[in-house]
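The block underneath contains the structure these notes are about, expressed in structure tokens.
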Amino acid sequence: MATGESQTPDYQQRKWQNLRKLLERSGPFCHPDFEPSAEILDFIMNSCKVLIVGAGGLGCELLKDLALMGFKKIHIVDMDTIELSNLNRQFLFRKNDIGLSKAKCAVEFVNKRIPGCEATAHHCAIQDLDEGFYKQFHIVVCGLDSIVARRWLNGMLMSLLQYNDDRSLDQSTVIPLVDGGTEGFKGNARVILPGMSACIECTLDLYPPQKTFPLCTIANTPRLPEHCIEYVKVIQWAKENPWGTTTGLDGDDPQHVAWVYEKAQERALKYGIANVTYRLTQGVLKNIIPAVASTNAAIAAFCATEVFKLATSCCVNMNNYMVLNMADGVYTYTFSAEKSPDCVACSNNTQVMEIQAEATLQMIYDKLCEDQLYMMKSPGITTVINGRNKTLYMSSIKSIEERTRDNLKKKITDLGLYNGADILVADVTTPNTITIKLKFIENIDVEMSR
Amino acid sequence: MIKLFSLKQQKKDEEGTARAGGSQKKASAAQLRITKDLNELNLPKTCSTEFPDPDDLLNFKLIICPDEGFYRGGRFVFSFKVGPNYPHEPPKVKCETAVYHPNIDLEGNVCLNILREDWKPVLTVNSIVYGLQYLFLEPNPEDPLNKEAADVLQSNRRLFEQHVQRAMRGGYVGSLYFERCLK
Ligand SMILES: [Zn+2]
């Protein structure tokens, strides 16, 4: 630890005195189990590991907020590089940084500016990091603009959960997720306790669907500039393949955007539609809603406060979903999003099936249909082996049935299954695909012949 | 609310010390959902599916052979691509068979509301199959994608029927050539 014994520990420095008032005294809003102590600040500074996902508009704010709050062991992940248009709100970046990694630049800036901060950057996609990586964090806070990435991260945190033999959740495996999102003058912040409270997948309906126009409208009766751009994006690109059939439209490629812009203008002219601009083209292609710096700042502040509450227990967390609307005055509202009992991501529907190691897939299939526990009608069985999906047997689809029928006769170990492997079973009798963990038991015949 | 963890005592493992016994990668939410959709696929007798790779449930083909209406006797192949954001977003569906149809253009784009603006996560692959089947029974000239075909259907149903027949047998309708797609 510190080199000079005579030096005061950093958490006793004067600049933390306001935090210490929160952490070293009790109060009416404290968590019931809160025990005021000087060690809490030490924990924040020297032990608590927080992962920030995304180093964009929200991510820059989050990193600054958390670092100034005393968190030191912060990691931040983002695969993007800095663009000119980021600079107005992503304030940790400068003109010279254009083209460089967002995560790296953000970390460099903050570590230099805030003494003692030891932030670490990861310039990669969240999908490139594995379970072992995510497991090391106490709290994950996420400022993403993509639903796919959110769902992936949510799934990852759910997959880290472990359950006790009585199917109760092992709470030491819970890594809370604080999620922020903004769209123009609107935003939301929420606290997710994986396996305990509503997750991203439970509330997928809350995300507005991407705005789309009927295909026939954009093809034949365009009225809006967006219709013209959508037409080029959906129909004309595939027709003309300006960069060859293997090159898909990339909204980040300025040449592609310019091509779409030009064609959309031609189309707008034909139909007498005004206001097709380069900016709008970019917006439609990437589905961009203009980012507002103050919305990001507000939402990041909410998120950082929730992270602080989680880490210290000095205050009860919000329950659990907060919306902010600054379009007309300032309005906030917090409600409790409900956990869906049969959510595909967070409900512990894993069951355990005991089976002999020598068993064939047919024996599993029969068990699923005949065992009192399951009583299924026509279970479809799949699994994941080395990260790849594998269809073991599915009777309801003729072409798959024909090609997986032989699997029934095979030993399950020859199909790549092992003691502790999960199989995924879909059937009309359950609302969702369920996970069944195989537990190998000694074969009695083998036992006797010994 | 219960106290989640006593962080004071808790130090996290360093990176890389993954759970003992090798952990299995979990299937994605999209994968779990499509497995469920497909296992419960209840195809009308005019439809069948083909999976080029039975382990890949996210990419497959739907074949529709209408037994009534203008398109009776034809065989039409649709490709389905289910993305990682399913069911938040609908699958991408394209018609791979060239067809003279008011709601399907020659690039294979299909104008079906539930494939775009009216998609909802409660809908399933089955809903799309029925929607597509319906397009062959009741082509809708009100929402044209192939405007010429729509105009003909609206003004002269007999001529439209002849055009459909000619296209399905393989041949020209106007200046456009159609491959034979009769069963
Ligand atoms: Zn859930």
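How things are named: the first chain in the structure tokens is A, the next is B, and so on; residues count from 1 in each chain; ligands count from 1 in the order shown.
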
Just the residues within 10 Å of Pro44 in chain B, please, counting only C-alpha atoms, with nothing from its chain fewer than 4 positions along; format it as a PyMOL selection string.
chain B and resi 48+64+126+129-130+133

Output C-alpha atoms for every residue in the selection just made, as an mmCIF file, in the first residue's frame.
```
data_model
loop_
_atom_site.group_PDB
_atom_site.id
_atom_site.type_symbol
_atom_site.label_atom_id
_atom_site.label_comp_id
_atom_site.auth_asym_id
_atom_site.auth_seq_id
_atom_site.Cartn_x
_atom_site.Cartn_y
_atom_site.Cartn_z
ATOM 1 C CA SER B 48 -42.783 -26.572 -45.813
ATOM 2 C CA ILE B 64 -45.147 -22.124 -50.277
ATOM 3 C CA ASN B 126 -45.962 -18.882 -37.623
ATOM 4 C CA VAL B 129 -45.978 -17.904 -42.536
ATOM 5 C CA TYR B 130 -49.719 -17.310 -42.435
ATOM 6 C CA GLN B 133 -49.626 -17.575 -47.445
#
```

As a quick test: using only C-alpha atoms and all ligand atoms, which residues lie no more than 6 Å away from ligand 1? Give them as a PyMOL selection string.
chain A and resi 198-199+201-202+339-340+343+345-346

Report as an MDAnalysis selection string the set of chain A residues whose atoms approach chain B to within 6 Å, with distances computed over only C-alpha atoms.
chainID A and resid 132:133 136 148 212:216 380 387 389:391 396 399:400 426 433

Produce a file of the selected residues containing N, CA, C and O atoms, as a PDB file, in the first residue's frame.
```pdb
ATOM      1  N   GLY A 132     -14.978 -14.845 -17.385  1.00  0.00           N
ATOM      2  CA  GLY A 132     -13.949 -14.561 -16.379  1.00  0.00           C
ATOM      3  C   GLY A 132     -13.725 -13.065 -16.230  1.00  0.00           C
ATOM      4  O   GLY A 132     -13.495 -12.565 -15.129  1.00  0.00           O
ATOM      5  N   PHE A 133     -13.830 -12.347 -17.337  1.00  0.00           N
ATOM      6  CA  PHE A 133     -13.665 -10.901 -17.286  1.00  0.00           C
ATOM      7  C   PHE A 133     -14.814 -10.250 -16.513  1.00  0.00           C
ATOM      8  O   PHE A 133     -14.595  -9.481 -15.581  1.00  0.00           O
ATOM      9  N   GLN A 136     -15.219 -10.427 -12.515  1.00  0.00           N
ATOM     10  CA  GLN A 136     -14.368  -9.736 -11.548  1.00  0.00           C
ATOM     11  C   GLN A 136     -14.989  -8.456 -10.991  1.00  0.00           C
ATOM     12  O   GLN A 136     -14.473  -7.879 -10.047  1.00  0.00           O
ATOM     13  N   VAL A 148     -29.319  -4.554 -28.884  1.00  0.00           N
ATOM     14  CA  VAL A 148     -28.658  -5.860 -29.007  1.00  0.00           C
ATOM     15  C   VAL A 148     -27.551  -5.997 -27.963  1.00  0.00           C
ATOM     16  O   VAL A 148     -27.441  -7.011 -27.275  1.00  0.00           O
ATOM     17  N   THR A 212     -40.396   2.414 -38.581  1.00  0.00           N
ATOM     18  CA  THR A 212     -40.307   1.928 -39.958  1.00  0.00           C
ATOM     19  C   THR A 212     -41.527   2.376 -40.732  1.00  0.00           C
ATOM     20  O   THR A 212     -42.573   2.659 -40.160  1.00  0.00           O
ATOM     21  N   PHE A 213     -41.365   2.434 -42.034  1.00  0.00           N
ATOM     22  CA  PHE A 213     -42.468   2.834 -42.894  1.00  0.00           C
ATOM     23  C   PHE A 213     -42.892   1.625 -43.715  1.00  0.00           C
ATOM     24  O   PHE A 213     -42.064   0.792 -44.061  1.00  0.00           O
ATOM     25  N   PRO A 214     -44.185   1.554 -44.049  1.00  0.00           N
ATOM     26  CA  PRO A 214     -44.629   0.441 -44.897  1.00  0.00           C
ATOM     27  C   PRO A 214     -43.834   0.437 -46.203  1.00  0.00           C
ATOM     28  O   PRO A 214     -43.600   1.495 -46.790  1.00  0.00           O
ATOM     29  N   LEU A 215     -43.437  -0.766 -46.613  1.00  0.00           N
ATOM     30  CA  LEU A 215     -42.591  -0.898 -47.795  1.00  0.00           C
ATOM     31  C   LEU A 215     -43.269  -0.317 -49.036  1.00  0.00           C
ATOM     32  O   LEU A 215     -42.632   0.326 -49.859  1.00  0.00           O
ATOM     33  N   CYS A 216     -44.585  -0.554 -49.136  1.00  0.00           N
ATOM     34  CA  CYS A 216     -45.280  -0.083 -50.338  1.00  0.00           C
ATOM     35  C   CYS A 216     -45.325   1.443 -50.378  1.00  0.00           C
ATOM     36  O   CYS A 216     -45.296   2.040 -51.455  1.00  0.00           O
ATOM     37  N   GLY A 380     -38.444 -30.311 -28.575  1.00  0.00           N
ATOM     38  CA  GLY A 380     -37.323 -30.045 -29.476  1.00  0.00           C
ATOM     39  C   GLY A 380     -36.104 -29.850 -28.590  1.00  0.00           C
ATOM     40  O   GLY A 380     -36.159 -29.089 -27.634  1.00  0.00           O
ATOM     41  N   GLY A 387     -19.661 -23.062 -27.701  1.00  0.00           N
ATOM     42  CA  GLY A 387     -20.172 -21.804 -28.207  1.00  0.00           C
ATOM     43  C   GLY A 387     -21.005 -21.921 -29.469  1.00  0.00           C
ATOM     44  O   GLY A 387     -21.517 -20.930 -29.968  1.00  0.00           O
ATOM     45  N   ASN A 389     -24.320 -23.557 -31.515  1.00  0.00           N
ATOM     46  CA  ASN A 389     -25.597 -24.215 -31.303  1.00  0.00           C
ATOM     47  C   ASN A 389     -25.625 -25.533 -32.039  1.00  0.00           C
ATOM     48  O   ASN A 389     -25.098 -25.649 -33.129  1.00  0.00           O
ATOM     49  N   LYS A 390     -26.256 -26.521 -31.406  1.00  0.00           N
ATOM     50  CA  LYS A 390     -26.376 -27.817 -32.054  1.00  0.00           C
ATOM     51  C   LYS A 390     -27.797 -28.314 -31.834  1.00  0.00           C
ATOM     52  O   LYS A 390     -28.297 -28.323 -30.700  1.00  0.00           O
ATOM     53  N   THR A 391     -28.458 -28.681 -32.909  1.00  0.00           N
ATOM     54  CA  THR A 391     -29.799 -29.226 -32.801  1.00  0.00           C
ATOM     55  C   THR A 391     -29.679 -30.736 -32.610  1.00  0.00           C
ATOM     56  O   THR A 391     -29.145 -31.431 -33.473  1.00  0.00           O
ATOM     57  N   SER A 396     -40.827 -31.710 -34.797  1.00  0.00           N
ATOM     58  CA  SER A 396     -41.927 -30.975 -35.423  1.00  0.00           C
ATOM     59  C   SER A 396     -41.578 -30.430 -36.804  1.00  0.00           C
ATOM     60  O   SER A 396     -42.463 -30.087 -37.567  1.00  0.00           O
ATOM     61  N   SER A 399     -37.811 -31.410 -42.120  1.00  0.00           N
ATOM     62  CA  SER A 399     -36.446 -31.462 -42.665  1.00  0.00           C
ATOM     63  C   SER A 399     -35.405 -31.617 -41.551  1.00  0.00           C
ATOM     64  O   SER A 399     -34.360 -32.227 -41.761  1.00  0.00           O
ATOM     65  N   ILE A 400     -35.689 -31.077 -40.368  1.00  0.00           N
ATOM     66  CA  ILE A 400     -34.735 -31.239 -39.263  1.00  0.00           C
ATOM     67  C   ILE A 400     -34.878 -32.620 -38.654  1.00  0.00           C
ATOM     68  O   ILE A 400     -33.889 -33.267 -38.310  1.00  0.00           O
ATOM     69  N   ALA A 426     -37.587 -27.137 -25.928  1.00  0.00           N
ATOM     70  CA  ALA A 426     -38.774 -26.340 -26.239  1.00  0.00           C
ATOM     71  C   ALA A 426     -39.950 -27.291 -26.418  1.00  0.00           C
ATOM     72  O   ALA A 426     -39.816 -28.343 -27.036  1.00  0.00           O
ATOM     73  N   THR A 433     -38.528 -21.842 -23.836  1.00  0.00           N
ATOM     74  CA  THR A 433     -37.527 -22.888 -23.901  1.00  0.00           C
ATOM     75  C   THR A 433     -36.912 -23.046 -22.508  1.00  0.00           C
ATOM     76  O   THR A 433     -36.547 -22.057 -21.881  1.00  0.00           O
TER      77      THR A 433
END
```

Would you please extract all helix (DSSP H, G or I) residues from range 81-278 of chain A, as assigned by DSSP on the backbone, and give them as number ranges by chain?
A: 84-86, 95-97, 102-113, 126-128, 131-135, 147-159, 171-173, 204-206, 215-220, 225-240, 254-271, 278

Using only C-alpha atoms, determine which residues lie at most 6 Å from Thr81 in chain A, disregarding the query and same-chain residues fewer than 3 positions distant; provide the list as a tab-separated table (two decimals) with all heavy atoms, in the first residue's frame.
```tsv
chain	number	residue	atom	x	y	z
A	99	GLY	N	-10.08	9.43	-34.45
A	99	GLY	CA	-9.54	8.19	-35.00
A	99	GLY	C	-9.00	7.25	-33.95
A	99	GLY	O	-8.77	6.07	-34.23
A	100	LEU	N	-8.80	7.74	-32.73
A	100	LEU	CA	-8.25	6.88	-31.67
A	100	LEU	C	-9.38	6.20	-30.88
A	100	LEU	O	-10.54	6.57	-30.98
A	100	LEU	CB	-7.38	7.71	-30.71
A	100	LEU	CG	-6.20	8.45	-31.33
A	100	LEU	CD1	-5.48	9.27	-30.27
A	100	LEU	CD2	-5.23	7.46	-31.99
A	101	SER	N	-9.00	5.22	-30.09
A	101	SER	CA	-9.96	4.46	-29.28
A	101	SER	C	-10.62	5.36	-28.24
A	101	SER	O	-9.95	6.06	-27.49
A	101	SER	CB	-9.24	3.32	-28.57
A	101	SER	OG	-9.91	2.96	-27.39
A	102	LYS	N	-11.95	5.31	-28.17
A	102	LYS	CA	-12.68	6.09	-27.17
A	102	LYS	C	-12.31	5.65	-25.76
A	102	LYS	O	-12.06	6.48	-24.89
A	102	LYS	CB	-14.19	5.90	-27.36
A	102	LYS	CG	-14.75	6.66	-28.52
A	102	LYS	CD	-16.28	6.60	-28.52
A	102	LYS	CE	-16.82	7.45	-29.66
A	102	LYS	NZ	-18.29	7.39	-29.74
```

Pairwise distance for CA of Ile114 in chain A and CA of Gly70 in chain A, rounded to one decimal in Å:
9.5 Å

Please report the interatomic distance between CA of Lys211 in chain A and CA of Lys239 in chain A in Å with one decimal.
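Spanning CA of Lys211 in chain A to CA of Lys239 in chain A is a straight-line distance of 23.0 Å.
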
When DSSP is applied to the backbone of this structure, which of range 29-180 of chain B are assigned strand (DSSP E or B)? Write them out as a ChimeraX atom specification.
/B:47-50,59-64,74,76-81,92-95,101,104,110,171-173,176-178

Shell of 12 Å around Tyr134 in chain B, only C-alpha atoms, local chain residues under 3 positions omitted, as a list in words:
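Surrounding residues, per the criterion: Pro44, Thr46, Cys47, Ile64, Cys65, Pro66, Asp67, Glu68, Gly69, Phe70, Tyr71, Asn103, Leu112, Ser127, Ile128, Val129, Tyr130, Gly131, Leu137, Glu138, Pro139 and Asn140 of chain B.
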
Residue nearest Pro194 in chain A among A:Cys228, A:Leu417, A:Val178, A:Met158 (counting only C-alpha atoms):
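The closest residue to Pro194 in chain A is A:Met158.
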
Near range 26-36 of chain A, counting only C-alpha atoms, which residues have an atom at most 6 Å away, once you skip same-chain residues fewer than 6 positions from it, shown as a list of chain:residue names?
A:Ser313, A:Cys314, A:Cys315, A:Val316

Point-to-point distance from CA of Lys81 in chain B to CA of Asn59 in chain B, Å rounded to tenths
4.8 Å

Please identify all polymer residues within 12 Å of Arg157 in chain B, counting only C-alpha atoms, omitting same-chain residues fewer than 5 positions from it, and present them as an MDAnalysis selection string.
chainID B and resid 69:70 139 141 149:152 162:164

Restricting the output to N, CA, C and O atoms, write the selected residues as a tab-separated table (two decimals), in the first residue's frame.
```tsv
chain	number	residue	atom	x	y	z
B	69	GLY	N	-56.37	-20.22	-55.77
B	69	GLY	CA	-56.12	-18.82	-56.12
B	69	GLY	C	-55.26	-18.67	-57.37
B	69	GLY	O	-54.97	-19.65	-58.06
B	70	PHE	N	-54.86	-17.44	-57.64
B	70	PHE	CA	-54.08	-17.13	-58.85
B	70	PHE	C	-52.80	-17.95	-58.95
B	70	PHE	O	-52.32	-18.25	-60.03
B	139	PRO	N	-53.80	-11.34	-53.16
B	139	PRO	CA	-52.85	-10.25	-53.45
B	139	PRO	C	-53.58	-8.91	-53.29
B	139	PRO	O	-54.74	-8.80	-53.66
B	141	PRO	N	-53.89	-5.13	-54.17
B	141	PRO	CA	-53.44	-4.06	-55.06
B	141	PRO	C	-53.40	-2.69	-54.38
B	141	PRO	O	-52.86	-1.73	-54.93
B	149	ALA	N	-48.18	-4.67	-61.79
B	149	ALA	CA	-49.02	-5.83	-61.49
B	149	ALA	C	-50.27	-5.39	-60.74
B	149	ALA	O	-51.37	-5.89	-60.99
B	150	ALA	N	-50.09	-4.45	-59.82
B	150	ALA	CA	-51.23	-3.98	-59.03
B	150	ALA	C	-52.27	-3.30	-59.92
B	150	ALA	O	-53.47	-3.52	-59.78
B	151	ASP	N	-51.78	-2.49	-60.87
B	151	ASP	CA	-52.71	-1.80	-61.77
B	151	ASP	C	-53.49	-2.79	-62.61
B	151	ASP	O	-54.70	-2.64	-62.82
B	152	VAL	N	-52.80	-3.83	-63.09
B	152	VAL	CA	-53.48	-4.82	-63.92
B	152	VAL	C	-54.52	-5.56	-63.07
B	152	VAL	O	-55.66	-5.76	-63.50
B	162	GLN	N	-53.80	-14.19	-66.41
B	162	GLN	CA	-52.97	-14.65	-67.54
B	162	GLN	C	-51.51	-14.32	-67.31
B	162	GLN	O	-50.63	-15.13	-67.58
B	163	HIS	N	-51.28	-13.10	-66.82
B	163	HIS	CA	-49.89	-12.70	-66.56
B	163	HIS	C	-49.25	-13.61	-65.52
B	163	HIS	O	-48.11	-14.05	-65.68
B	164	VAL	N	-49.99	-13.90	-64.45
B	164	VAL	CA	-49.46	-14.76	-63.39
B	164	VAL	C	-49.12	-16.13	-63.99
B	164	VAL	O	-48.04	-16.68	-63.75
```
